[in-house]
Every structure is written in C-alpha cells, then in structure tokens.
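Listing of run-v6.pdb, PDB, C-alpha atoms and all ligand atoms
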```pdb
MODEL        1
ATOM      1  CA  MET A   1     103.144  94.630  78.055  1.00  0.00           C
ATOM      2  CA  TYR A   2     102.711  91.237  76.341  1.00  0.00           C
ATOM      3  CA  THR A   3     101.412  89.690  79.581  1.00  0.00           C
ATOM      4  CA  THR A   4      98.791  92.445  79.991  1.00  0.00           C
ATOM      5  CA  LEU A   5      97.667  92.043  76.359  1.00  0.00           C
ATOM      6  CA  ARG A   6      97.454  88.282  76.758  1.00  0.00           C
ATOM      7  CA  LEU A   7      95.442  88.645  79.974  1.00  0.00           C
ATOM      8  CA  LEU A   8      92.947  91.036  78.312  1.00  0.00           C
ATOM      9  CA  HIS A   9      92.813  88.800  75.217  1.00  0.00           C
ATOM     10  CA  VAL A  10      92.120  85.614  77.146  1.00  0.00           C
ATOM     11  CA  VAL A  11      89.585  87.183  79.554  1.00  0.00           C
ATOM     12  CA  SER A  12      87.630  88.768  76.652  1.00  0.00           C
ATOM     13  CA  SER A  13      87.719  85.540  74.664  1.00  0.00           C
ATOM     14  CA  ILE A  14      86.413  83.602  77.680  1.00  0.00           C
ATOM     15  CA  TYR A  15      83.400  85.945  77.790  1.00  0.00           C
ATOM     16  CA  PHE A  16      82.932  85.915  73.978  1.00  0.00           C
ATOM     17  CA  VAL A  17      83.085  82.145  73.528  1.00  0.00           C
ATOM     18  CA  GLY A  18      81.355  81.489  76.866  1.00  0.00           C
ATOM     19  CA  SER A  19      78.319  83.647  76.089  1.00  0.00           C
ATOM     20  CA  ILE A  20      77.841  82.025  72.663  1.00  0.00           C
ATOM     21  CA  THR A  21      78.314  78.527  74.114  1.00  0.00           C
ATOM     22  CA  PHE A  22      75.791  79.219  76.890  1.00  0.00           C
ATOM     23  CA  MET A  23      73.309  80.541  74.329  1.00  0.00           C
ATOM     24  CA  VAL A  24      73.660  77.572  71.950  1.00  0.00           C
ATOM     25  CA  LEU A  25      73.880  74.727  74.448  1.00  0.00           C
ATOM     26  CA  VAL A  26      71.826  75.897  77.445  1.00  0.00           C
ATOM     27  CA  LEU A  27      69.552  78.926  77.044  1.00  0.00           C
ATOM     28  CA  GLY A  28      68.502  78.536  73.384  1.00  0.00           C
ATOM     29  CA  PRO A  29      67.144  74.969  73.605  1.00  0.00           C
ATOM     30  CA  ARG A  30      65.332  75.701  76.927  1.00  0.00           C
ATOM     31  CA  LEU A  31      63.699  78.875  75.610  1.00  0.00           C
ATOM     32  CA  LYS A  32      62.670  77.075  72.425  1.00  0.00           C
ATOM     33  CA  ARG A  33      60.898  74.446  74.508  1.00  0.00           C
ATOM     34  CA  LEU A  34      59.098  77.158  76.506  1.00  0.00           C
ATOM     35  CA  GLY A  35      57.660  78.627  73.281  1.00  0.00           C
ATOM     36  CA  PRO A  36      57.719  81.984  71.453  1.00  0.00           C
ATOM     37  CA  THR A  37      55.634  83.854  74.065  1.00  0.00           C
ATOM     38  CA  ILE A  38      58.455  83.378  76.614  1.00  0.00           C
ATOM     39  CA  GLN A  39      61.380  83.195  74.187  1.00  0.00           C
ATOM     40  CA  GLY A  40      60.485  86.553  72.570  1.00  0.00           C
ATOM     41  CA  PRO A  41      60.474  88.776  75.693  1.00  0.00           C
ATOM     42  CA  VAL A  42      63.516  87.019  77.238  1.00  0.00           C
ATOM     43  CA  MET A  43      65.542  87.472  74.050  1.00  0.00           C
ATOM     44  CA  SER A  44      64.383  91.097  73.692  1.00  0.00           C
ATOM     45  CA  ALA A  45      65.545  91.797  77.255  1.00  0.00           C
ATOM     46  CA  LEU A  46      68.905  90.031  76.799  1.00  0.00           C
ATOM     47  CA  SER A  47      69.805  91.148  73.285  1.00  0.00           C
ATOM     48  CA  PRO A  48      70.802  94.820  73.888  1.00  0.00           C
ATOM     49  CA  VAL A  49      73.196  93.980  76.715  1.00  0.00           C
ATOM     50  CA  MET A  50      74.585  90.899  74.952  1.00  0.00           C
ATOM     51  CA  VAL A  51      75.167  92.746  71.676  1.00  0.00           C
ATOM     52  CA  ALA A  52      76.985  95.558  73.532  1.00  0.00           C
ATOM     53  CA  LEU A  53      79.166  93.201  75.607  1.00  0.00           C
ATOM     54  CA  ASN A  54      79.945  90.982  72.605  1.00  0.00           C
ATOM     55  CA  ALA A  55      80.901  94.031  70.518  1.00  0.00           C
ATOM     56  CA  ILE A  56      83.209  95.327  73.291  1.00  0.00           C
ATOM     57  CA  SER A  57      84.826  91.922  73.845  1.00  0.00           C
ATOM     58  CA  PHE A  58      85.224  91.419  70.064  1.00  0.00           C
ATOM     59  CA  ILE A  59      87.039  94.783  69.777  1.00  0.00           C
ATOM     60  CA  ILE A  60      89.309  93.916  72.739  1.00  0.00           C
ATOM     61  CA  ILE A  61      90.065  90.458  71.232  1.00  0.00           C
ATOM     62  CA  MET A  62      90.968  91.971  67.836  1.00  0.00           C
ATOM     63  CA  VAL A  63      93.057  94.873  69.206  1.00  0.00           C
ATOM     64  CA  THR A  64      94.958  92.792  71.770  1.00  0.00           C
ATOM     65  CA  GLY A  65      95.384  89.942  69.256  1.00  0.00           C
ATOM     66  CA  ILE A  66      96.936  92.264  66.658  1.00  0.00           C
ATOM     67  CA  LEU A  67      99.151  93.945  69.277  1.00  0.00           C
ATOM     68  CA  MET A  68     100.260  90.538  70.545  1.00  0.00           C
ATOM     69  CA  ILE A  69     101.513  89.628  67.074  1.00  0.00           C
ATOM     70  CA  PHE A  70     103.454  92.925  67.013  1.00  0.00           C
ATOM     71  CA  THR A  71     104.858  92.733  70.526  1.00  0.00           C
ATOM     72  CA  ALA A  72     105.731  89.041  70.820  1.00  0.00           C
ATOM     73  CA  ASN A  73     109.493  89.061  70.432  1.00  0.00           C
ATOM     74  CA  TRP A  74     109.551  85.572  68.947  1.00  0.00           C
ATOM     75  CA  HIS A  75     107.048  86.267  66.142  1.00  0.00           C
ATOM     76  CA  SER A  76     106.337  88.893  63.496  1.00  0.00           C
ATOM     77  CA  TRP A  77     103.686  89.609  60.827  1.00  0.00           C
ATOM     78  CA  GLY A  78     105.745  87.718  58.229  1.00  0.00           C
ATOM     79  CA  ASP A  79     105.383  84.559  60.324  1.00  0.00           C
ATOM     80  CA  LEU A  80     101.623  84.597  59.606  1.00  0.00           C
ATOM     81  CA  VAL A  81     102.228  83.076  56.172  1.00  0.00           C
ATOM     82  CA  SER A  82     105.564  81.355  56.684  1.00  0.00           C
ATOM     83  CA  THR A  83     105.254  79.241  59.858  1.00  0.00           C
ATOM     84  CA  GLY A  84     102.865  76.652  61.272  1.00  0.00           C
ATOM     85  CA  TRP A  85     102.205  79.057  64.172  1.00  0.00           C
ATOM     86  CA  GLY A  86     101.349  81.816  61.690  1.00  0.00           C
ATOM     87  CA  TRP A  87      98.975  79.757  59.550  1.00  0.00           C
ATOM     88  CA  ASP A  88      97.248  78.535  62.676  1.00  0.00           C
ATOM     89  CA  ILE A  89      96.778  82.094  64.013  1.00  0.00           C
ATOM     90  CA  LEU A  90      95.652  83.230  60.550  1.00  0.00           C
ATOM     91  CA  ILE A  91      92.926  80.556  60.477  1.00  0.00           C
ATOM     92  CA  GLY A  92      91.860  81.799  63.931  1.00  0.00           C
ATOM     93  CA  ILE A  93      91.745  85.406  62.721  1.00  0.00           C
ATOM     94  CA  VAL A  94      89.650  84.473  59.656  1.00  0.00           C
ATOM     95  CA  ALA A  95      87.264  82.391  61.813  1.00  0.00           C
ATOM     96  CA  THR A  96      86.926  85.343  64.239  1.00  0.00           C
ATOM     97  CA  ILE A  97      86.177  87.827  61.444  1.00  0.00           C
ATOM     98  CA  VAL A  98      83.614  85.519  59.783  1.00  0.00           C
ATOM     99  CA  ALA A  99      82.027  84.931  63.228  1.00  0.00           C
ATOM    100  CA  ALA A 100      81.739  88.716  63.669  1.00  0.00           C
ATOM    101  CA  VAL A 101      80.139  89.122  60.227  1.00  0.00           C
ATOM    102  CA  VAL A 102      77.648  86.316  60.939  1.00  0.00           C
ATOM    103  CA  GLY A 103      77.011  87.606  64.475  1.00  0.00           C
ATOM    104  CA  PHE A 104      76.687  91.346  63.971  1.00  0.00           C
ATOM    105  CA  GLY A 105      75.624  91.244  60.298  1.00  0.00           C
ATOM    106  CA  LEU A 106      73.069  88.412  60.314  1.00  0.00           C
ATOM    107  CA  ILE A 107      72.162  87.271  63.842  1.00  0.00           C
ATOM    108  CA  VAL A 108      71.597  90.753  65.299  1.00  0.00           C
ATOM    109  CA  PRO A 109      69.261  91.998  62.491  1.00  0.00           C
ATOM    110  CA  THR A 110      67.324  88.702  62.522  1.00  0.00           C
ATOM    111  CA  GLY A 111      66.996  88.959  66.320  1.00  0.00           C
ATOM    112  CA  ILE A 112      65.730  92.550  66.002  1.00  0.00           C
ATOM    113  CA  ARG A 113      63.100  91.459  63.439  1.00  0.00           C
ATOM    114  CA  GLN A 114      62.030  88.620  65.732  1.00  0.00           C
ATOM    115  CA  GLY A 115      61.831  90.993  68.717  1.00  0.00           C
ATOM    116  CA  LYS A 116      59.727  93.545  66.814  1.00  0.00           C
ATOM    117  CA  LEU A 117      57.334  90.890  65.548  1.00  0.00           C
ATOM    118  CA  GLY A 118      57.087  89.387  69.046  1.00  0.00           C
ATOM    119  CA  ALA A 119      56.339  92.828  70.545  1.00  0.00           C
ATOM    120  CA  SER A 120      53.645  93.535  67.932  1.00  0.00           C
ATOM    121  CA  ILE A 121      51.711  90.406  68.922  1.00  0.00           C
ATOM    122  CA  ALA A 122      52.209  90.697  72.698  1.00  0.00           C
ATOM    123  CA  GLY A 123      49.000  90.048  74.629  1.00  0.00           C
ATOM    124  CA  ARG A 124      47.173  88.190  71.830  1.00  0.00           C
ATOM    125  CA  ALA A 125      47.521  84.951  69.912  1.00  0.00           C
ATOM    126  CA  PRO A 126      49.625  85.265  66.738  1.00  0.00           C
ATOM    127  CA  THR A 127      47.803  84.908  63.403  1.00  0.00           C
ATOM    128  CA  PRO A 128      48.820  81.778  61.426  1.00  0.00           C
ATOM    129  CA  GLU A 129      50.956  83.984  59.176  1.00  0.00           C
ATOM    130  CA  GLU A 130      52.682  85.641  62.154  1.00  0.00           C
ATOM    131  CA  GLY A 131      53.213  82.231  63.773  1.00  0.00           C
ATOM    132  CA  GLN A 132      54.865  81.003  60.594  1.00  0.00           C
ATOM    133  CA  GLN A 133      57.071  84.094  60.394  1.00  0.00           C
ATOM    134  CA  LEU A 134      58.132  83.690  64.037  1.00  0.00           C
ATOM    135  CA  GLN A 135      58.968  80.041  63.461  1.00  0.00           C
ATOM    136  CA  GLY A 136      60.969  80.888  60.342  1.00  0.00           C
ATOM    137  CA  LEU A 137      62.935  83.593  62.154  1.00  0.00           C
ATOM    138  CA  SER A 138      63.712  81.417  65.152  1.00  0.00           C
ATOM    139  CA  ALA A 139      64.825  78.508  62.891  1.00  0.00           C
ATOM    140  CA  LYS A 140      67.105  80.948  61.036  1.00  0.00           C
ATOM    141  CA  LEU A 141      68.501  82.285  64.330  1.00  0.00           C
ATOM    142  CA  GLU A 142      69.145  78.771  65.591  1.00  0.00           C
ATOM    143  CA  LYS A 143      71.060  77.844  62.431  1.00  0.00           C
ATOM    144  CA  LEU A 144      73.120  81.044  62.413  1.00  0.00           C
ATOM    145  CA  THR A 145      73.964  80.760  66.118  1.00  0.00           C
ATOM    146  CA  ARG A 146      75.209  77.190  65.556  1.00  0.00           C
ATOM    147  CA  ILE A 147      77.394  78.382  62.679  1.00  0.00           C
ATOM    148  CA  ASN A 148      78.778  81.122  64.933  1.00  0.00           C
ATOM    149  CA  PHE A 149      79.424  78.647  67.720  1.00  0.00           C
ATOM    150  CA  THR A 150      81.421  76.453  65.308  1.00  0.00           C
ATOM    151  CA  LEU A 151      83.451  79.444  64.101  1.00  0.00           C
ATOM    152  CA  VAL A 152      84.395  80.657  67.597  1.00  0.00           C
ATOM    153  CA  ALA A 153      85.201  77.066  68.622  1.00  0.00           C
ATOM    154  CA  ILE A 154      87.596  76.884  65.624  1.00  0.00           C
ATOM    155  CA  ALA A 155      89.126  80.257  66.606  1.00  0.00           C
ATOM    156  CA  LEU A 156      89.568  79.120  70.213  1.00  0.00           C
ATOM    157  CA  ALA A 157      91.105  75.776  69.200  1.00  0.00           C
ATOM    158  CA  THR A 158      93.621  77.436  66.837  1.00  0.00           C
ATOM    159  CA  MET A 159      94.650  79.939  69.543  1.00  0.00           C
ATOM    160  CA  VAL A 160      95.147  77.319  72.220  1.00  0.00           C
ATOM    161  CA  ILE A 161      97.322  75.024  70.052  1.00  0.00           C
ATOM    162  CA  ALA A 162      99.321  77.878  68.442  1.00  0.00           C
ATOM    163  CA  ARG A 163     102.211  77.832  70.906  1.00  0.00           C
ATOM    164  CA  TYR A 164     102.866  74.134  70.261  1.00  0.00           C
ATOM    165  CA  LEU A 165     103.233  74.558  66.470  1.00  0.00           C
TER     166      LEU A 165
HETATM  167  C1  LIG B 201      87.023  84.285  69.167  1.00  0.00           C
HETATM  168  C2  LIG B 201      88.239  84.621  68.843  1.00  0.00           C
HETATM  169  C3  LIG B 201      89.462  84.335  69.670  1.00  0.00           C
HETATM  170  C4  LIG B 201      89.611  83.550  70.776  1.00  0.00           C
HETATM  171  C5  LIG B 201      88.546  82.752  71.496  1.00  0.00           C
HETATM  172  C6  LIG B 201      91.006  83.630  71.180  1.00  0.00           C
HETATM  173  C7  LIG B 201      91.534  82.998  72.291  1.00  0.00           C
HETATM  174  C8  LIG B 201      92.868  82.968  72.603  1.00  0.00           C
HETATM  175  C9  LIG B 201      93.446  82.278  73.737  1.00  0.00           C
HETATM  176  C10 LIG B 201      92.642  81.508  74.788  1.00  0.00           C
HETATM  177  C11 LIG B 201      94.787  82.433  73.670  1.00  0.00           C
HETATM  178  C12 LIG B 201      95.814  81.899  74.662  1.00  0.00           C
HETATM  179  C13 LIG B 201      96.368  80.568  74.164  1.00  0.00           C
HETATM  180  C14 LIG B 201      97.399  79.974  75.082  1.00  0.00           C
HETATM  181  O1  LIG B 201      97.632  80.483  76.166  1.00  0.00           O
HETATM  182  O2  LIG B 201      97.997  78.944  74.713  1.00  0.00           O
HETATM  183  C15 LIG B 201      95.080  83.223  72.494  1.00  0.00           C
HETATM  184  C16 LIG B 201      96.328  83.549  72.069  1.00  0.00           C
HETATM  185  C17 LIG B 201      96.591  84.359  70.998  1.00  0.00           C
HETATM  186  N1  LIG B 201      95.674  84.995  70.190  1.00  0.00           N
HETATM  187 FE1  LIG B 201      93.687  84.742  70.227  1.00  0.00          FE
HETATM  188  N2  LIG B 201      91.671  84.433  70.298  1.00  0.00           N
HETATM  189  C18 LIG B 201      90.767  84.890  69.371  1.00  0.00           C
HETATM  190  C19 LIG B 201      91.018  85.751  68.307  1.00  0.00           C
HETATM  191  C20 LIG B 201      92.272  86.264  67.994  1.00  0.00           C
HETATM  192  C21 LIG B 201      92.541  87.217  66.940  1.00  0.00           C
HETATM  193  C22 LIG B 201      91.463  87.819  66.035  1.00  0.00           C
HETATM  194  C23 LIG B 201      93.893  87.449  66.941  1.00  0.00           C
HETATM  195  C24 LIG B 201      94.710  88.328  66.078  1.00  0.00           C
HETATM  196  C25 LIG B 201      94.253  89.366  65.423  1.00  0.00           C
HETATM  197  C26 LIG B 201      94.486  86.627  67.986  1.00  0.00           C
HETATM  198  C27 LIG B 201      95.826  86.555  68.290  1.00  0.00           C
HETATM  199  C28 LIG B 201      96.361  85.744  69.259  1.00  0.00           C
HETATM  200  C29 LIG B 201      97.793  85.585  69.469  1.00  0.00           C
HETATM  201  C30 LIG B 201      98.915  86.221  68.674  1.00  0.00           C
HETATM  202  C31 LIG B 201      97.943  84.689  70.545  1.00  0.00           C
HETATM  203  C32 LIG B 201      99.239  84.169  71.141  1.00  0.00           C
HETATM  204  C33 LIG B 201      99.470  82.768  70.558  1.00  0.00           C
HETATM  205  C34 LIG B 201     100.679  82.082  71.198  1.00  0.00           C
HETATM  206  O3  LIG B 201     100.549  81.585  72.319  1.00  0.00           O
HETATM  207  O4  LIG B 201     101.706  82.039  70.546  1.00  0.00           O
HETATM  208  N3  LIG B 201      93.456  85.932  68.607  1.00  0.00           N
HETATM  209  N4  LIG B 201      93.882  83.536  71.865  1.00  0.00           N
ENDMDL
END
```
In structure tokens, how does this file's structure come out?
Amino acid sequence: MYTTLRLLHVVSSIYFVGSITFMVLVLGPRLKRLGPTIQGPVMSALSPVMVALNAISFIIIMVTGILMIFTANWHSWGDLVSTGWGWDILIGIVATIVAAVVGFGLIVPTGIRQGKLGASIAGRAPTPEEGQQLQGLSAKLEKLTRINFTLVAIALATMVIARYL
C-alpha cells in the first residue's frame, strides 16, 4: 500500500514540478521573446490542458501525501509538530498549499484575462492601451509563475530530505 502511494505521489510530483519548471525556465522566456501575438495563442492553446493536468496531479499529490502520513508505520500525525521529519513535511505541505492558491487562484484567472484580451485583438494591431494591458498582465504572470516555481522547489526539497531528518 505505502509503496503504491509513494509511486503515485512521486510520479505526480514529477509532472507537477516538471511542468512548472519547463514553463518558467524554457517556454516562458522563449515565448516572451517571440512577442504577444505568438505568446497569446500558444498560451491559450496550452492553458486548458495544463490547468486540468496540474489540478489532477495536485489532488493526487495531496491525497497520497496525506495517506502516506497515515500509513507509514514509522510516523504518525503527531510527528508533524514533534520531530524534524514532521516539521520538514509540514513546511512542504504549507508550500504546496500556497503554491496551489497562487497557481489556481491568481495565475489561472490572470492567464484567462490575458487570453481573452489576446483573442479580442487577434488579426489587428493592439491599441496603445491594449498593448499596455497585455504587457502588464504578462509581467504579472511572469512574477507569479516565478513565485510558484520557488514554492514547489521548496516543497520538493523538503520532501526529498525528509527521510534523512
Ligand atoms: C509540490 C508538492 C510536493 C512534491 C513535489 C512532493 C514530492 C515528494 C517526493 C519526490 C517524495 C519522495 C522523497 C524520497 O523518496 O526521499 C515525497 C515524499 C513524501 N511526501 Fe511529498 N511532495 C509534495 C507534496 C506533499 C504533500 C502536500 C504531502 C502531505 C500532505 C506530502 C507528503 C509526503 C510524505 C509523507 C512523504 C514521505 C517522506 C519520507 O520519505 O519519509 N508531500 N514527496
């Protein structure tokens, strides 16, 4: 049971952290360089599938993570606030929850606004005001995605060192 949970947990976390890392380090900077007329449609095409997959992997990470704390025979809930292992896992849980709030609560709505604005100016040059709005939204998205990347990196680091504490 524990092995299956751990397998699901690790595979989902590889996707979750991997997709955010790819976005922040590879795709984001390249799309930014290509400009809003390319960035907009690419992000609109990617967003629905990425949001769905990230939501599914987040749920699997949370459920398997909680069950792992219950089923590991060498740890219990009480350990979360009484051992080095527990505090470490707790920091990881908090980082994961904050990452989910930033991701689903701030990044997704900002991305939707950017997509809608991009779609409304497709096929023509944006007005100066629209250009400014697009720039503002993409700067906000860039900042939020970096924050999210830092949070999932913290979560990953705490999880990987937990067994040595
Ligand atoms: C983005 C978020 C997360 C990532 C990337 C992540 C990743 C991982 C990885 C890679 C491991 C295996 C570590 C190893 O083999 O040494 C692990 C273990 C674990 N994770 Fe997570 N995890 C995340 C969130 C969570 C959450 C939210 C919980 C609890 C609700 C949780 C509970 C655990 C537990 C109990 C272990 C076993 C630790 C041990 O080896 O003693 N994880 N996690």
### Message
Counting all atoms listed in the file, which residue out of A:Ser13, A:Val63, A:Gln135, A:Val49 sits closest to Met159 of chain A?
### Response
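That would be A:Ser13, the residue with the smallest distance to Met159 of chain A.
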Within 6 Å of ligand LIG 201 (chain B): each chain A residue with its shortest pair, all atoms listed in the file, as a tab-separated table:
```
residue	atom	partner	partner_atom	distance
A:Val10	CA	B:LIG201	C10	4.8
A:Ser13	CA	B:LIG201	C5	4.3
A:Val17	CA	B:LIG201	C5	5.9
A:Ile61	CA	B:LIG201	C19	5.6
A:Met62	CA	B:LIG201	C22	4.6
A:Gly65	CA	B:LIG201	C27	3.5
A:Ile66	CA	B:LIG201	C25	4.1
A:Met68	CA	B:LIG201	C30	4.9
A:Ile69	CA	B:LIG201	C30	4.6
A:Gly92	CA	B:LIG201	C19	6.0
A:Ile93	CA	B:LIG201	C22	4.1
A:Thr96	CA	B:LIG201	C2	4.8
A:Val152	CA	B:LIG201	C1	4.7
A:Ala155	CA	B:LIG201	C2	5.0
A:Leu156	CA	B:LIG201	C5	4.0
A:Met159	CA	B:LIG201	N4	4.3
A:Val160	CA	B:LIG201	C13	4.0
A:Ala162	CA	B:LIG201	C34	5.2
A:Arg163	CA	B:LIG201	O4	4.3
```
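Nearest to Gly28 of chain A of all the residues A:Gly78, A:Gly131, A:Gly40, A:Gly115 is A:Gly40, counting all atoms listed in the file.
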#### Entry: Residues near Ser44 of chain A, cut-off 10 Å, all atoms listed in the file, skip fewer than 3 positions along chain, as JSON, numbers by chain
{"A": [39, 40, 41, 47, 48, 49, 111, 112, 114, 115, 116, 118, 119]}
Around all listed atoms of segment 79-84 of chain A, padded 5 Å per side, what centre and edge lengths does the axis-aligned box have in Å to one decimal, as AutoDock Vina command-line options?
```
--center_x 103.6 --center_y 80.6 --center_z 58.7 --size_x 13.9 --size_y 17.9 --size_z 15.1
```
### Summary
With distances taken over only C-alpha atoms, the candidate from A:Ser82, A:Ile121, A:Ile147, A:Leu46 nearest Gly103 of chain A is A:Ile147
### Task
Calculate how many Å separate atom CA of Gly136 of chain A from atom CA of Val24 of chain A, rounding to one decimal.
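Distance between the two atoms: 17.5 Å.
Ranking A:Leu34, A:Leu165, A:Ala72, A:Leu5 by their shortest atom-to-atom distance to Gly86 of chain A, with all atoms listed in the file included, puts A:Leu165 first.
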### Message
When the PyMOL selection byres (((chain A and resi 23) around 12) and not hetatm) is applied to the structure above, which residues does it catch, written out as JSON, numbers by chain?
### Response
{"A": [15, 16, 17, 18, 19, 20, 21, 22, 24, 25, 26, 27, 28, 29, 30, 31, 32, 43, 46, 47, 50, 141, 142, 144, 145, 146, 148, 149]}
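One finds atom CA of Val108 of chain A at 11.7 Å from atom CA of Leu137 of chain A.
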#### Entry: Using all atoms listed in the file: which of A:Leu151, A:Ser57, A:His75, A:Lys143 has the shortest distance to Val94 of chain A
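Ranking A:Leu151, A:Ser57, A:His75, A:Lys143 by distance to Val94 of chain A, first place goes to A:Leu151.
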### Task
Would you mind reading off the distance between atom CA of Val98 of chain A and atom CA of Ala157 of chain A, one decimal, in Å?
15.5 Å
### Message
Here is a test: counting all atoms listed in the file, which residue of A:Pro36, A:Trp85, A:Thr150, A:Leu106 is nearest to Ser138 of chain A?
### Response
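Residue with the minimum atom-to-atom distance to Ser138 of chain A: A:Pro36.
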